[in-house]
file model.csv (CSV, C-alpha atoms)
chain,number,residue,atom,x,y,z
A,544,MET,CA,123.4,5.6,128.5
A,545,LYS,CA,122.8,8.2,125.8
A,546,THR,CA,125.9,9.4,124.0
A,547,ILE,CA,126.6,13.1,124.3
A,548,ASP,CA,127.0,14.6,120.9
A,549,LEU,CA,126.6,18.4,121.0
A,550,GLY,CA,127.0,18.9,117.3
A,551,LYS,CA,125.3,21.9,115.6
A,552,TRP,CA,122.0,21.4,117.4
A,553,SER,CA,123.2,22.7,120.8
A,554,ARG,CA,123.8,26.0,122.5
A,555,LEU,CA,125.3,26.9,125.9
A,556,ALA,CA,122.3,27.0,128.2
A,557,ARG,CA,121.1,30.2,129.8
A,558,TYR,CA,120.4,30.3,133.5
A,559,GLN,CA,122.9,27.8,134.8
A,560,GLU,CA,124.8,27.8,138.1
A,561,LYS,CA,128.1,26.0,138.4
A,562,LEU,CA,128.5,23.7,141.4
A,563,PRO,CA,131.4,21.8,142.9
A,564,ASP,CA,132.6,18.5,141.3
A,565,ASN,CA,131.7,19.7,137.8
A,566,MET,CA,128.0,19.6,138.6
A,567,VAL,CA,125.6,22.4,137.4
A,568,ARG,CA,122.2,23.6,138.4
A,569,CYS,CA,119.7,24.6,135.7
A,570,HIS,CA,117.5,27.6,136.6
A,571,VAL,CA,115.2,27.7,133.5
A,572,CYS,CA,112.3,26.0,135.2
A,573,PRO,CA,111.2,25.4,138.8
A,574,HIS,CA,112.6,21.9,138.9
A,575,ASN,CA,116.0,23.6,139.2
A,576,CYS,CA,117.7,20.3,138.3
A,577,ILE,CA,121.2,19.6,139.6
A,578,VAL,CA,122.9,17.8,136.7
A,579,HIS,CA,126.0,15.7,137.1
A,580,GLU,CA,128.7,15.6,134.5
A,581,GLY,CA,127.6,13.5,131.6
A,582,LYS,CA,124.0,13.4,132.7
A,583,TYR,CA,120.8,14.9,131.4
A,584,GLY,CA,118.2,17.1,133.2
A,585,PHE,CA,114.6,15.9,133.8
A,586,CYS,CA,113.5,17.5,130.5
A,587,GLN,CA,116.0,15.4,128.5
A,588,THR,CA,117.1,18.5,126.5
A,589,ARG,CA,119.8,19.8,128.9
A,590,VAL,CA,123.1,18.0,129.4
A,591,ASN,CA,126.1,18.6,131.5
A,592,TYR,CA,129.1,18.5,129.2
A,593,GLN,CA,132.5,19.0,131.0
A,594,GLY,CA,130.9,21.1,133.7
A,595,GLU,CA,128.8,23.3,131.4
A,596,LEU,CA,125.1,23.0,130.8
A,597,TYR,CA,124.1,22.8,127.1
A,598,CYS,CA,120.6,22.8,125.6
A,599,ILE,CA,120.6,20.2,122.8
A,600,ALA,CA,117.1,21.2,121.5
A,601,TYR,CA,118.1,24.0,119.2
A,602,GLY,CA,117.3,24.1,115.5
A,603,ASN,CA,116.0,20.5,115.5
A,604,PRO,CA,112.2,20.5,115.8
A,605,CYS,CA,110.6,17.2,115.4
A,606,SER,CA,107.1,18.6,114.6
A,607,ILE,CA,106.2,21.4,112.2
A,608,SER,CA,102.8,22.5,110.9
A,609,VAL,CA,100.8,25.5,109.8
A,610,ASP,CA,97.7,25.6,112.0
A,611,PRO,CA,94.7,27.7,112.5
A,612,ILE,CA,95.3,29.9,115.5
A,613,GLU,CA,92.1,28.7,117.0
A,614,LYS,CA,93.7,25.3,117.4
A,615,LYS,CA,96.2,26.6,120.1
A,616,PRO,CA,93.5,27.6,121.4
A,617,LEU,CA,93.6,31.4,121.0
A,618,PHE,CA,90.2,32.8,120.3
A,619,HIS,CA,90.9,36.5,121.0
A,620,PHE,CA,94.1,36.9,119.1
A,621,PHE,CA,94.0,37.6,115.4
A,622,GLN,CA,91.1,35.2,114.9
A,623,GLY,CA,91.1,33.3,111.7
A,624,ALA,CA,94.8,33.6,111.2
A,625,LYS,CA,97.2,30.8,110.3
A,626,ILE,CA,100.3,30.3,112.5
A,627,TYR,CA,103.5,28.5,111.8
A,628,SER,CA,103.9,26.0,114.6
A,629,LEU,CA,106.9,23.9,115.8
A,630,GLY,CA,108.2,22.0,118.8
A,631,THR,CA,111.1,19.7,119.7
A,632,ALA,CA,111.3,16.5,121.8
A,633,GLY,CA,111.4,16.6,125.6
A,634,CYS,CA,109.3,18.1,128.3
A,635,ASN,CA,109.6,19.2,132.0
A,636,PHE,CA,106.3,17.5,132.9
A,637,ARG,CA,105.3,13.8,132.9
A,638,CYS,CA,101.6,14.2,132.4
A,639,LEU,CA,99.6,11.0,132.7
A,640,ASN,CA,97.2,12.3,130.1
A,641,CYS,CA,99.7,13.7,127.6
A,642,GLN,CA,98.3,13.8,124.0
A,643,ASN,CA,101.8,14.3,122.5
A,644,TRP,CA,103.6,11.7,124.7
A,645,ASN,CA,105.4,10.2,121.7
A,646,ILE,CA,107.2,13.6,121.4
A,647,SER,CA,107.2,15.0,124.9
A,648,GLN,CA,108.4,11.8,126.6
A,649,SER,CA,111.1,11.0,124.0
A,650,SER,CA,114.7,12.1,123.9
A,651,LEU,CA,116.0,14.0,120.9
A,652,GLN,CA,118.1,11.0,119.9
A,653,GLU,CA,115.0,8.9,119.5
A,654,LEU,CA,113.1,11.0,117.0
A,655,ASP,CA,113.7,12.2,113.5
A,656,HIS,CA,113.9,15.9,113.2
A,657,TYR,CA,114.2,18.9,110.9
A,658,ASP,CA,117.2,21.1,110.5
A,659,LEU,CA,115.8,24.6,111.0
A,660,MET,CA,117.8,27.4,112.7
A,661,PRO,CA,116.0,30.5,114.1
A,662,GLU,CA,116.5,32.6,111.0
A,663,GLU,CA,115.1,29.8,108.8
A,664,VAL,CA,112.0,29.4,111.1
A,665,VAL,CA,111.1,33.0,110.5
A,666,GLN,CA,111.8,32.6,106.7
A,667,GLN,CA,109.6,29.5,106.6
A,668,ALA,CA,106.7,31.2,108.4
A,669,LEU,CA,106.8,34.1,105.9
A,670,HIS,CA,107.1,31.6,103.0
A,671,HIS,CA,104.0,29.9,104.2
A,672,GLY,CA,102.1,33.1,104.1
A,673,THR,CA,101.9,33.8,107.9
A,674,ASN,CA,103.5,36.4,110.1
A,675,MET,CA,103.1,34.3,113.3
A,676,ILE,CA,105.1,31.6,114.9
A,677,ALA,CA,103.9,29.3,117.7
A,678,PHE,CA,106.2,27.3,120.0
A,679,THR,CA,104.1,24.4,120.9
A,680,TYR,CA,103.4,20.6,120.7
A,681,THR,CA,105.6,20.0,123.8
A,682,GLU,CA,106.8,22.4,126.5
A,683,PRO,CA,108.8,25.4,124.9
A,684,THR,CA,110.6,26.0,128.2
A,685,VAL,CA,112.8,22.9,127.5
A,686,PHE,CA,114.0,24.5,124.2
A,687,TYR,CA,114.2,28.0,125.7
A,688,GLU,CA,117.3,29.1,123.9
A,689,TYR,CA,115.8,28.2,120.5
A,690,VAL,CA,112.6,30.0,121.4
A,691,TYR,CA,114.4,33.1,122.6
A,692,ASP,CA,116.6,33.5,119.6
A,693,THR,CA,113.8,32.7,117.2
A,694,ALA,CA,111.4,35.1,118.9
A,695,LYS,CA,113.9,37.9,118.9
A,696,ILE,CA,114.6,37.6,115.2
A,697,ALA,CA,110.9,37.2,114.5
A,698,HIS,CA,110.2,40.6,116.2
A,699,GLU,CA,112.9,42.2,114.2
A,700,LYS,CA,111.1,41.0,111.0
A,701,GLY,CA,107.6,42.0,112.2
A,702,VAL,CA,106.6,38.4,112.9
A,703,LYS,CA,104.5,37.8,116.0
A,704,THR,CA,105.2,35.0,118.4
A,705,VAL,CA,103.0,32.8,120.6
A,706,LEU,CA,103.9,30.4,123.5
A,707,ILE,CA,101.7,27.4,124.1
A,708,SER,CA,103.0,26.3,127.5
A,709,ASN,CA,102.4,24.5,130.8
A,710,GLY,CA,103.6,27.7,132.5
A,711,TYR,CA,106.4,25.9,134.3
A,712,ILE,CA,109.2,28.4,133.9
A,713,ASN,CA,111.2,30.5,136.4
A,714,GLU,CA,110.6,34.2,136.6
A,715,ASN,CA,113.8,35.5,135.2
A,716,PRO,CA,113.8,33.5,131.9
A,717,LEU,CA,110.1,34.4,131.4
A,718,LEU,CA,110.8,38.1,132.0
A,719,ASP,CA,113.7,38.0,129.5
A,720,LEU,CA,111.4,36.4,126.9
A,721,CYS,CA,108.3,38.6,127.4
A,722,PRO,CA,109.6,41.5,125.2
A,723,TYR,CA,109.6,39.1,122.3
A,724,LEU,CA,106.3,37.4,123.0
A,725,ASP,CA,102.9,38.6,121.7
A,726,ALA,CA,100.5,36.0,123.1
A,727,ALA,CA,100.4,32.8,125.2
A,728,ASN,CA,98.0,30.0,126.1
A,729,ILE,CA,98.9,28.5,129.5
A,730,ASP,CA,97.6,25.1,130.5
A,731,LEU,CA,96.4,25.4,134.1
A,732,LYS,CA,96.0,21.7,134.7
A,733,CYS,CA,94.1,21.9,138.0
A,734,PHE,CA,93.9,24.0,141.2
A,735,ASP,CA,95.3,21.6,143.8
A,736,ASP,CA,99.0,21.2,144.4
A,737,ALA,CA,98.9,17.5,145.3
A,738,VAL,CA,96.9,16.8,142.1
A,739,TYR,CA,99.3,18.8,140.1
A,740,ARG,CA,102.2,16.7,141.3
A,741,LYS,CA,100.3,13.5,140.7
A,742,LEU,CA,99.0,14.5,137.3
A,743,GLY,CA,102.1,16.1,135.8
A,744,GLY,CA,105.0,16.1,138.1
A,745,GLY,CA,105.0,19.8,138.8
A,746,GLN,CA,103.7,22.3,141.3
A,747,LEU,CA,100.7,24.7,141.1
A,748,GLN,CA,102.2,28.0,142.4
A,749,PRO,CA,104.9,28.5,139.7
A,750,VAL,CA,102.2,28.3,137.1
A,751,LEU,CA,100.1,30.9,138.9
A,752,ASP,CA,103.2,33.1,139.1
A,753,THR,CA,103.6,32.7,135.3
A,754,LEU,CA,100.0,33.8,134.7
A,755,LYS,CA,100.7,37.0,136.7
A,756,THR,CA,104.0,37.7,135.0
A,757,LEU,CA,102.6,37.4,131.5
A,758,LYS,CA,99.7,39.7,132.4
A,759,GLU,CA,101.9,42.3,134.1
A,760,ASN,CA,104.1,42.3,130.9
A,761,SER,CA,101.3,42.9,128.5
A,762,VAL,CA,101.5,39.5,126.8
A,763,TRP,CA,98.0,38.5,125.5
A,764,LEU,CA,96.9,35.5,127.6
A,765,GLU,CA,94.4,32.8,127.4
A,766,ILE,CA,94.1,29.8,129.8
A,767,THR,CA,93.2,26.2,129.1
A,768,ASN,CA,91.9,23.9,131.8
A,769,LEU,CA,91.5,20.2,130.8
A,770,LEU,CA,88.8,18.6,133.0
A,771,VAL,CA,90.2,15.1,133.7
A,772,PRO,CA,87.7,12.8,135.5
A,773,THR,CA,88.6,12.1,139.1
A,774,TYR,CA,91.6,14.5,138.9
A,775,SER,CA,90.5,18.0,138.0
A,776,ASP,CA,86.8,18.0,137.3
A,777,SER,CA,85.3,18.6,140.8
A,778,PRO,CA,83.0,21.6,141.0
A,779,GLU,CA,84.8,22.7,144.2
A,780,MET,CA,88.2,22.8,142.4
A,781,ILE,CA,86.7,24.6,139.4
A,782,GLN,CA,85.1,27.1,141.8
A,783,ALA,CA,88.4,27.8,143.7
A,784,MET,CA,90.3,28.2,140.4
A,785,CYS,CA,87.8,30.7,139.0
A,786,GLU,CA,87.6,32.7,142.2
A,787,TRP,CA,91.4,33.0,142.2
A,788,LEU,CA,91.4,34.1,138.6
A,789,VAL,CA,88.8,36.8,139.2
A,790,GLU,CA,90.5,38.0,142.4
A,791,ASN,CA,93.8,38.3,140.6
A,792,GLY,CA,92.6,40.3,137.7
A,793,PHE,CA,91.9,37.6,135.1
A,794,ALA,CA,88.2,38.2,134.6
A,795,ASP,CA,88.8,39.4,131.0
A,796,THR,CA,91.2,36.5,130.3
A,797,PRO,CA,89.5,33.8,128.0
A,798,LEU,CA,89.2,30.5,129.8
A,799,HIS,CA,88.9,27.3,127.8
A,800,PHE,CA,87.5,24.3,129.5
A,801,SER,CA,88.7,21.3,127.4
A,802,ARG,CA,87.1,17.8,127.3
A,803,PHE,CA,89.4,15.0,128.3
A,804,PHE,CA,89.6,11.9,126.1
A,805,PRO,CA,91.2,8.6,127.3
A,806,THR,CA,94.9,8.5,126.3
A,807,TYR,CA,98.4,7.5,127.4
A,808,LYS,CA,98.5,6.4,131.1
A,809,LEU,CA,94.9,7.5,131.7
A,810,ALA,CA,93.4,5.4,128.9
A,811,HIS,CA,91.2,3.7,131.4
A,812,LEU,CA,89.2,6.8,132.3
A,813,PRO,CA,86.0,7.9,130.6
A,814,PRO,CA,85.8,11.2,128.6
A,815,THR,CA,84.7,14.2,130.5
A,816,SER,CA,81.0,14.2,130.8
A,817,GLU,CA,79.0,16.9,129.0
A,818,SER,CA,77.2,17.9,132.2
A,819,ILE,CA,80.5,18.6,133.9
A,820,LEU,CA,81.6,20.8,131.1
A,821,ILE,CA,78.4,22.7,131.2
A,822,GLN,CA,78.6,23.1,134.9
A,823,ALA,CA,82.2,24.3,134.7
A,824,LYS,CA,81.2,27.0,132.2
A,825,GLU,CA,78.3,28.1,134.5
A,826,ILE,CA,80.6,28.2,137.5
A,827,ALA,CA,83.2,30.4,135.7
A,828,GLU,CA,80.6,32.8,134.3
A,829,ASN,CA,78.8,33.1,137.7
A,830,THR,CA,82.1,33.8,139.3
A,831,GLY,CA,82.8,36.7,136.9
A,832,ILE,CA,84.9,35.3,134.1
A,833,LYS,CA,83.6,37.1,130.9
A,834,TYR,CA,84.8,34.8,128.1
A,835,VAL,CA,84.4,31.1,128.8
A,836,TYR,CA,84.7,28.3,126.2
A,837,ILE,CA,84.1,24.6,126.0
A,838,GLY,CA,86.5,22.7,123.8
A,839,ASN,CA,86.5,19.2,122.2
A,840,LEU,CA,82.7,19.1,122.3
A,841,PRO,CA,81.4,20.9,119.2
A,842,ASP,CA,77.7,19.9,119.7
A,843,LEU,CA,77.5,22.3,122.6
A,844,LEU,CA,78.4,25.3,120.5
A,845,GLY,CA,80.7,26.2,123.3
A,846,GLU,CA,83.4,27.9,121.2
A,847,ASN,CA,81.4,31.0,120.1
A,848,THR,CA,82.2,34.4,121.7
A,849,HIS,CA,79.4,36.3,123.3
A,850,CYS,CA,79.4,40.0,124.4
A,851,PRO,CA,79.6,40.1,128.2
A,852,ASN,CA,77.2,43.1,128.1
A,853,CYS,CA,74.3,42.4,125.7
A,854,LYS,CA,75.0,38.6,125.5
A,855,ARG,CA,74.7,38.6,121.7
A,856,MET,CA,77.0,36.2,119.8
A,857,VAL,CA,79.8,38.3,118.3
A,858,VAL,CA,81.9,35.5,116.9
A,859,GLU,CA,80.6,32.2,115.5
A,860,ARG,CA,83.1,29.4,115.2
A,861,ILE,CA,82.6,26.0,113.5
A,862,GLY,CA,85.6,23.8,114.3
A,863,TYR,CA,88.6,26.1,113.7
A,864,VAL,CA,86.8,28.2,111.2
A,865,VAL,CA,85.4,31.7,112.0
A,866,GLU,CA,82.0,31.8,110.3
A,867,LYS,CA,80.7,35.1,111.5
A,868,ASN,CA,82.3,38.1,113.2
A,869,PHE,CA,80.5,41.0,114.6
A,870,ILE,CA,83.5,42.6,116.4
A,871,HIS,CA,84.4,46.0,115.0
A,872,ASN,CA,87.2,48.2,116.3
A,873,SER,CA,87.6,45.7,119.2
A,874,GLN,CA,83.9,46.4,120.2
A,875,CYS,CA,80.7,44.5,120.1
A,876,GLY,CA,79.0,45.3,116.9
A,877,PHE,CA,75.6,45.4,118.6
A,878,CYS,CA,76.1,47.4,121.8
A,879,GLY,CA,79.6,48.9,121.6
A,880,GLU,CA,81.0,47.0,124.6
A,881,PRO,CA,84.8,46.5,124.4
A,882,ILE,CA,85.7,42.9,123.7
A,883,ALA,CA,89.0,42.0,125.3
A,884,GLY,CA,91.6,40.7,122.8
A,885,VAL,CA,94.0,41.6,120.0
A,886,TRP,CA,91.8,41.6,117.0
A,887,GLU,CA,93.8,43.5,114.4
call {"tool": "encode", "arguments": {"input": "model.csv", "output": "structure tokens"}}
result
Amino acid sequence: MKTIDLGKWSRLARYQEKLPDNMVRCHVCPHNCIVHEGKYGFCQTRVNYQGELYCIAYGNPCSISVDPIEKKPLFHFFQGAKIYSLGTAGCNFRCLNCQNWNISQSSLQELDHYDLMPEEVVQQALHHGTNMIAFTYTEPTVFYEYVYDTAKIAHEKGVKTVLISNGYINENPLLDLCPYLDAANIDLKCFDDAVYRKLGGGQLQPVLDTLKTLKENSVWLEITNLLVPTYSDSPEMIQAMCEWLVENGFADTPLHFSRFFPTYKLAHLPPTSESILIQAKEIAENTGIKYVYIGNLPDLLGENTHCPNCKRMVVERIGYVVEKNFIHNSQCGFCGEPIAGVWE
């Protein structure tokens, strides 16, 4: 049993409901865990201490880096910028294909961590020459209080904030956070609820609700869909997903199809085939999605931006580097078509 030591890296959790017998229900994500006294929630970052729920992922990130914003991936948000990125241990999913499983599936007690309170995060971002902060590497919802306080201070200092998330968050916490969020990339893992549960341990509908909430609250949004062989790479599932996106107003939202590589509990599967990635891009474009990208397969040149009107290339990317840019005043430099995004 893990020892409960609140210490300096804890805060009283938001969105909790007291229950009989010193139990408490967490309402930050759709798991809505009931946590018994002395026990931890599913995410491993929330603990019931004497009948109160505390978040113990606060000011103690285990991973920090300054990344190109294209790595998130965000292609239509201040392209070419650097972004100060951090995350703690813990996660509210159990993805079989998790790339950061050594962080996400570990408890905070198992990993070394930094000592970096919200004010210091903002200071460090500015010190490293960037006015952007990304909450990433694992699911930011599990360190919500840290995200919220940091994002609020960041906005007071003119620093932009980005959420890289699985989208598994309840509506009220997300609505409270939106005023302090500038952009998000949501990992839409598949478009089948049974597969969602099998692949990650969550449900599809709450993620779709998150997409709508972010859009309705003017947070710049991009979507990533990792095509995992035998799980999420069927043309029928991709078609259904793209149709839903277009029907719900996401035709202008960049969609990143990402290539799966064998890892963690799916190390026995092959990488996503090139033909499936090409087919997914064609399905999305034919359905009406204007900005479609292929990630983790540079030979296809699938990370360049093309004008949806004249079809000319308006942004050329090689890796995470923007080599050419023909977008001027948020418009195609060739035909004047507006290019959706936050460019400056």
call {"tool": "closest_atom_pairs", "arguments": {"input": "model.csv", "of": "segment 604-661 of chain A", "to": "segment 864-886 of chain A", "cutoff": "7 Å", "atoms": "all atoms listed in the file", "output": "JSON lines"}}
result
{"residue": "A:His619", "atom": "CA", "partner": "A:Gly884", "partner_atom": "CA", "distance": 4.6}
{"residue": "A:Phe620", "atom": "CA", "partner": "A:Val885", "partner_atom": "CA", "distance": 4.8}
{"residue": "A:Phe621", "atom": "CA", "partner": "A:Trp886", "partner_atom": "CA", "distance": 4.8}
{"residue": "A:Gln622", "atom": "CA", "partner": "A:Trp886", "partner_atom": "CA", "distance": 6.8}
{"residue": "A:Gly623", "atom": "CA", "partner": "A:Val865", "partner_atom": "CA", "distance": 5.9}
call {"tool": "residues_around", "arguments": {"input": "model.csv", "residues": "Leu717 of chain A", "least_positions_apart": "4", "cutoff": "12 Å", "atoms": "only C-alpha atoms", "output": "PyMOL selection string"}}
result
chain A and resi 557-558+570-573+683-684+687-688+690-691+706+708+710-713+721-724+727+749-750+752-760+762
call {"tool": "closest_residue", "arguments": {"input": "model.csv", "among": "A:Gly743, A:Pro604, A:Gly792, A:Pro813", "to": "Asp658 of chain A", "atoms": "all atoms listed in the file"}}
result
A:Pro604
call {"tool": "closest_residue", "arguments": {"input": "model.csv", "among": "A:Arg637, A:Glu663, A:Asp655, A:Ile612", "to": "Met675 of chain A", "atoms": "only C-alpha atoms"}}
result
A:Ile612
call {"tool": "atom_distance", "arguments": {"input": "model.csv", "atom1": "atom CA of Lys732 of chain A", "atom2": "atom CA of Cys598 of chain A"}}
result
26.3 Å
call {"tool": "residues_around", "arguments": {"input": "model.csv", "residues": "segment 825-842 of chain A", "least_positions_apart": "4", "cutoff": "6 Å", "atoms": "all atoms listed in the file", "output": "mmCIF file with C-alpha atoms, in the frame of the given file"}}
result
data_model
loop_
_atom_site.group_PDB
_atom_site.id
_atom_site.type_symbol
_atom_site.label_atom_id
_atom_site.label_comp_id
_atom_site.auth_asym_id
_atom_site.auth_seq_id
_atom_site.Cartn_x
_atom_site.Cartn_y
_atom_site.Cartn_z
ATOM 1 C CA CYS A 785 87.800 30.700 139.000
ATOM 2 C CA ALA A 794 88.200 38.200 134.600
ATOM 3 C CA ASP A 795 88.800 39.400 131.000
ATOM 4 C CA PRO A 797 89.500 33.800 128.000
ATOM 5 C CA LEU A 798 89.200 30.500 129.800
ATOM 6 C CA HIS A 799 88.900 27.300 127.800
ATOM 7 C CA PHE A 800 87.500 24.300 129.500
ATOM 8 C CA SER A 801 88.700 21.300 127.400
ATOM 9 C CA ARG A 802 87.100 17.800 127.300
ATOM 10 C CA GLU A 846 83.400 27.900 121.200
ATOM 11 C CA PRO A 851 79.600 40.100 128.200
#
call {"tool": "atom_distance", "arguments": {"input": "model.csv", "atom1": "atom CA of Leu555 of chain A", "atom2": "atom CA of Leu720 of chain A"}}
result
16.9 Å
call {"tool": "closest_residue", "arguments": {"input": "model.csv", "among": "A:Leu747, A:Lys582, A:Ser553, A:Arg589", "to": "Cys569 of chain A", "atoms": "all atoms listed in the file"}}
result
A:Arg589
call {"tool": "atom_distance", "arguments": {"input": "model.csv", "atom1": "atom CA of Lys625 of chain A", "atom2": "atom CA of Gln667 of chain A"}}
result
13.0 Å
call {"tool": "residues_around", "arguments": {"input": "model.csv", "residues": "Gly581 of chain A", "least_positions_apart": "5", "cutoff": "7 Å", "atoms": "all atoms listed in the file", "output": "list in words"}}
result
Val590, Asn591 and Tyr592 of chain A
call {"tool": "closest_residue", "arguments": {"input": "model.csv", "among": "A:Gly584, A:Pro778, A:Pro814, A:Pro661", "to": "Phe678 of chain A", "atoms": "all atoms listed in the file"}}
result
A:Pro661
call {"tool": "residues_near_point", "arguments": {"input": "model.csv", "point": "(103.4, 19.0, 131.3)", "cutoff": "7 Å", "atoms": "only C-alpha atoms", "output": "list of chain:residue names"}}
result
A:Cys634, A:Asn635, A:Phe636, A:Arg637, A:Cys638, A:Glu682, A:Asn709, A:Gly743
call {"tool": "write_last_selection", "arguments": {"input": "model.csv", "atoms": "C-alpha atoms", "output": "PDB file, keeping the file's coordinate frame"}}
result
ATOM      1  CA  CYS A 634     109.300  18.100 128.300  1.00  0.00           C
ATOM      2  CA  ASN A 635     109.600  19.200 132.000  1.00  0.00           C
ATOM      3  CA  PHE A 636     106.300  17.500 132.900  1.00  0.00           C
ATOM      4  CA  ARG A 637     105.300  13.800 132.900  1.00  0.00           C
ATOM      5  CA  CYS A 638     101.600  14.200 132.400  1.00  0.00           C
ATOM      6  CA  GLU A 682     106.800  22.400 126.500  1.00  0.00           C
ATOM      7  CA  ASN A 709     102.400  24.500 130.800  1.00  0.00           C
ATOM      8  CA  GLY A 743     102.100  16.100 135.800  1.00  0.00           C
TER       9      GLY A 743
END
call {"tool": "closest_residue", "arguments": {"input": "model.csv", "among": "A:Ile729, A:Tyr583, A:Leu788, A:Glu560", "to": "Pro616 of chain A", "atoms": "all atoms listed in the file"}}
result
A:Ile729
call {"tool": "residues_around", "arguments": {"input": "model.csv", "residues": "Cys733 of chain A", "least_positions_apart": "4", "cutoff": "9 Å", "atoms": "all atoms listed in the file", "output": "ChimeraX atom specification"}}
result
/A:738-739,742,747,768-771,774-776,780-781,784
